[in-house]
Every structure is written in C-alpha cells, then in structure tokens.
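> Please see the structure below; I have some questions.
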Amino acid sequence: MNKLNLTGYVKKYALFYLIAVVCMAAGTMLDQVAPIIVQHIVDDVLIARNMDALTFLLLGLLGIGVGRCIFQYAKEFLCDVAGSRIASEIRINLFGKIQSLSANFFDGINSGELMSRVKDDVDRIWDIAAFMGILMAEVVLRTVSTLYFMLRINWQLALIPAVGMVCAGFIAILMEKQLDELYGAVAQEGSEMNNTAAENLAGVRTVKAFAREGFEIAKFHKHNQKFYELNIDLSRVFVKYNPIIQLITRFLAVISLLLGGIIVMKGTPFQGGQKMTVGELMAFIAYVGGMIWPMEMLGWLTNGFSSAKASVKRLRKIYAEMPDITDNSEGGTLDEELSGALFSQHDLNGDISFEHVSYEVCGKAARADDAEGGGDDETRDTSKTGEPYASAGPRKILDDVSFSVKAGQTLGIMGATGSGKTTIINLLKRMYDVTGGCIKLDGIDIRELPLPTLRRAVSCVMQDIFLFSDTIEGNVRLGERETITVPEVRSALKQSHAAEFVDKMEEREQTVIGERGVGLSGGQKQRITIARALARKTPVLVLDDSTSALDTETEQEIQQVLAGLSGMTKIIIAHRISAVRKADKIIVLDKGRIAEEGTHEELLARDGLYRETYDSQYGVK
C-alpha cells in the first residue's frame, strides 16, 4: 500500500457506521421527544390537573430512557469495533510500509520518530474513527433538530440560541487554525523526546560507565521542557477560546429563561408573535440545555480533529516515501526457470563477481559503509526534521572495484576504517544499489534476482551485533524458523563454540536473553550470531570483523570450523591478519579502491599496505 486511504478504510466498515448512525439518530430523536413530554406534564397535568394522562406520560419518559440507553450502547459498541479494526489495519499496513523502505530511509530518521508514527499518530486516527467522528455527526444532528423544535415553539426566541451557535462555531474555527500548527510541533518534539529516552535506555550501561547520567538527564530535560512549553501553548489556546464558548452557553440559558418568562407573562413584544405556555417555556429551556452540549463539544472536537489532522499529514509523508531498492526480477532478463516462484537461495552456488563497481552517496542517500556495522564512513544524522538528510555533495565510497570469488572459495577483505569494506557487503545484499558497474551472483546481475532469494543466499555476521529479546534458539533460527531444526541449532552452537556457555545455562537453548543480548559478554554475543549464520547453510557466508571480541584461541578454533565448510563461499572482513591469512584471495582497500590483491604470501612479498599491517601486528621491525 503506497498511500493512506482513510476513505477506503471507512468504506470497508460502512455497514458498522451506517447502523451506528441510525442508532445515534434514533437516540437523538428520543432525546428531542423528552421536552415535549415535559411540556404536556406541565400544561396538561400540573396546570390543567388532568391526572389521567400522568401515567402515560411518565411511561413515555421511562421508555425514552430505556430506548436511549439501548441505542447509545449499540452506537458506541459498533463505532469502537469499527475504529479498533481500522486502527489495527492502519498500524499493520504502516508497519509493512516502513519495512518495505530501503536502508537509505532509515539512515536519515530516528527510531523514536517512527515509534511515534506507529503508536501515537495511529492512536489519534483511532480516536476519530472510534468515537469522535460519530460525535461530530451527533453534534450536527442534535443542533439541527433542536433548532427545529425550538422554532416550532417560538421562532423569535429561537433566534437567540441560533445566533449563539453561529458565534460558537466561528470561535471553534479560529481555535482549529491555531491548534493545527501547534499539534505538528508537539508531535515532532514528542518524537525527539521518545528517541532521546530510548537511545539513553538502550545504552544505559555506557552512560553509567562514563558517568554521563547528569549530561543525559540534562539532554532529556531540554526536550521535556520544550514539550512542556508546547503543551502550555496548546492550553493557552483553550484558555483563550473555550471560556468564551462556555460564557455563550450560560448566557443563552439565562437570556432564554428571562425573555421566555416575559413572553409567558406578558406575551411576545413582537407584533404577530407567538404566545407561550409555561409548559412550552419549560420545553424550550430543555432544548436550550440540549444546545449547550453541542456548543461545549465544539472545542473538544476541534482539539481532536486538529490532532488527527496533524497525524494524518505525518503518516502521509511516510507513505509518500518509495523504496530505492525494488525487486526487479519480474519481467527481467532471467529465463523462466530462474525467475519462477520455485527459484530459491538453494539454487545458487555462490559464484561472486564485482565488475567495475562504484558507489557514491549524495542527497537523500546517507551512510552506506557500515550502515549495519558501526559507522566506518559517515555518521548517522538524527536531525529534528526526521527527514533523510542531504550530504554536502556526491562522495564516492567505492571507485571501480573489480574482483571475483569462485564458489566455495574464501575472500579476505582488509583496509583502514572508512575504506569501504562494509559497503561491499551492503551492496552484495542490495541494501543499496551500485551507482556504477554491476555485481553478479552465479553470473546473474543481482538486480535481476528476487530480493528474498538474494538476501537469504547471504548469511552475515556483522560487527554491529543485534540479538532480539528471545530465546537463544529463537535468535539462532532467526528468519528460518520453519526450516532450521533443533539438531541443526545444536550443531551450529557447537561449531561457533557457543555451546560451551549455553550448556551451562539452566534452560540452555531455551534461555531468554535480554534486549540486544544484555547479560551476555561481547564474545558470547558474537558466537551466537556466528551460530545464526552457520545454521542457515547459505551459499555465501559473510563475517564482518565478527571475531574481534573473541580470544585468540577461540578465534582460531572458529577459523578451523570455517575452513572445514565446503561448498560455501566465505567473505571475511577483518583488521587482523590472522583472520584472513588462509583466504584464497585477499584484497586491500584504500579510499574506496583496491590497492592490493593476492594471497597472503604474495601480498607480503609486495611490501605494501598489507605488509605494513603485518609488520605492525606481529612486531616486525
């Protein structure tokens, strides 16, 4: 779904709303009959002393009360059901839309902003769909019907509440215009405050380690104070306009009673005007009371609609975003066998070739290198706009990179921080698309492969470790819960040497680990992520500095396991020579270009960047 079509959601549940409107109309009309019964009780029973009619009239009031309860309950229940279903569908569709967007979108917007959209903004729409929309319809119907009955009793006196209603409506319009601007600012600042809190809580151990509690409290206080000030501005708008509406409603009751009493006692001051009985005056005052509720509701409804309107605008901005990475496999150049629905990652061998690949970022494109892995090249923007940011200009991350890896071989990639190592992996997985050249997997341009097939063919262990708040088994089976068996989970844990500490836990693989693997050491988390990659048994395995937190002995044991994996293409990104020295081919990146390429022995003999790194790590002078 590429747009927020609120009309479509309402149409889907039109029957619910239709029945709710009928119930609302029936309940409202019953309310309008009640003053007429009061009129007859006063005129026909109390004044005319006709006691025979009292029982019938009282039963009428009782029937109105019972009927109104039934209709009001039905109206509210149907609107709640329809509103809840609409909000649920909007939320899941919005989440699906967010999931469909490319990595570039997430590089320029913070998680607090998105959480606010998924939760708070959808809640505002829920309010409208569940009860505020039907309340607005009830306000209109009650106003029109009340005016009609008042005009029937005395049209001159009815002009007073009619004028009052017009004035209240004009004030509500003025209030809505000011609230519309403020609600956008309140929502944006709320997102910033949520993101600040979420970021702090996620990194609370780092905060405490560096004794930054005071700094973080001050930062949160800054956003909290701004959020407070904006809400005070909202209150000022209410304080400015809402008392005027309240004052109008009170004057209406007083003036109507005063002039109505004069008309009853002395007759209308207007020539040819209508006369009134005491019962009619009582009924008229009851109708004036019925007018007060819609007028008082105008301020509250204006507030709700302004909030919902601002939320719809923000959601439509997300729906207006289109993924930069699209699945181009349909209608591509693949033959029918490869492009068919049965084509999967298991049909790939893992032959990889980069042919004159270049990648540059500019404008909307943000961090490419290490978007998942820790930030080698660019720093994430967390601007208050919540929009993807523009860089100063085009900047090349990779420039004319060419290499090939045969299926089953191992490629080592080395280079200084920011040289473009992780960008190679992100391009291989099509998290971003190349801006020049092409990448082929088994001789097929990866842009022609179905995205799920491509990404399931590449298992990655990134340097930025992410574990979900789930069991260890659930984290290992991530993305392949239906296909990875329990014995395969055990085997992967043993291969990654994670079983050494998992078996010591009380619930072993069923142990629930905290958010982002809290409670585990860095090395333990790395071993679980390695197990996750090994369990998938994909044609291509990528390890991006994935053994940096391991001790030397464990690293060597895992490298022996990797060396024994046959038929799997392995790409190892590392800063340690020990991690890549046994690779079939090693490339050394420097400023986005391949500076050196060869085996460990060949690169040592060239006396270049690789040799400098080797001498530095092994203490060769």
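Going through the structure tokens in order, the chains are called A, B, and so on, while each chain numbers its residues from 1 and the ligands are numbered from 1 in the order shown.
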Give me the residues near region 260-266 of chain A as a list in words, where near means some atom within 12 Å (using only C-alpha atoms) and where sequence neighbours in that chain fewer than 6 positions away do not count.
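In the requested form, the answer reads Met150, Ile153, Asn154, Trp155, Gln156, Leu157, Ala158, Ile160, Leu252, Ala253, Val254, Gly273, Gln274, Lys275, Met276, Thr277, Val278, Gly279, Glu280, Leu281, Met282, Ala283, Phe284, Ile285 and Val288 of chain A.
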> List as an MDAnalysis selection string the protein and nucleic acid residues near Thr511 (chain A), meaning an atom at most 9 Å away when only C-alpha atoms are counted, but skip any in the same chain fewer than 2 places from it.
chainID A and resid 470:473 502 505:509 513
> Work out how far CA of Ile37 (chain A) is from CA of Val22 (chain A), in Å to one decimal.
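Going from CA of Val22 (chain A) over to CA of Ile37 (chain A), I get 22.8 Å.
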> Taking into account only C-alpha atoms, which residue in the set A:Glu355, A:Asp327, A:Glu480, A:Asp544 is nearest to Arg447 (chain A)?
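Looking only at the distances to Arg447 (chain A), the closest residue turns out to be A:Asp327.
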> Quick one: residues within 12 Å of Leu54 (chain A), only C-alpha atoms counted, chain neighbours fewer than 4 positions away excluded, as a list in words?
Ile37, Val38, Gln39, His40, Ile41, Val42, Asp43, Asp44, Val45, Leu46, Ala48, Arg49, Asn50, Leu58, Leu59, Gly60 and Leu61 of chain A
> Looking at only C-alpha atoms, which of A:Ile125, A:Ile244, A:Ala53, A:Ile70 is the one that sits closest to Leu30 (chain A)?
A:Ile70
> Name the closest residue to Gly415 (chain A) among the candidates A:Met24, A:Val10, A:Leu151, A:Ile577; distances are taken between atoms, counting only C-alpha atoms.
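Of all the options, A:Ile577 lies closest to Gly415 (chain A).
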> Which residues come within 10 Å of Thr302 (chain A), counting only C-alpha atoms, excluding same-chain residues fewer than 4 positions away, as number ranges by chain?
A: 132, 136, 172-177, 179-180, 297-298, 306-308
> For Ala197 (chain A), list every protein, DNA or RNA residue within 9 Å, evaluated using only C-alpha atoms, and leave out those in the same chain fewer than 6 positions away; present the list as a list in words.
Gly112, Glu216 and Phe220 of chain A
> Go ahead and dump the residues you just picked, C-alpha atoms, as a PDB file, in the first residue's frame.

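This is the output file selection28.pdb:
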```pdb
ATOM      1  CA  GLY A 112      11.775   7.420  18.187  1.00  0.00           C
ATOM      2  CA  GLU A 216      21.783  12.612  29.694  1.00  0.00           C
ATOM      3  CA  PHE A 220      16.237  14.763  28.209  1.00  0.00           C
TER       4      PHE A 220
END
```
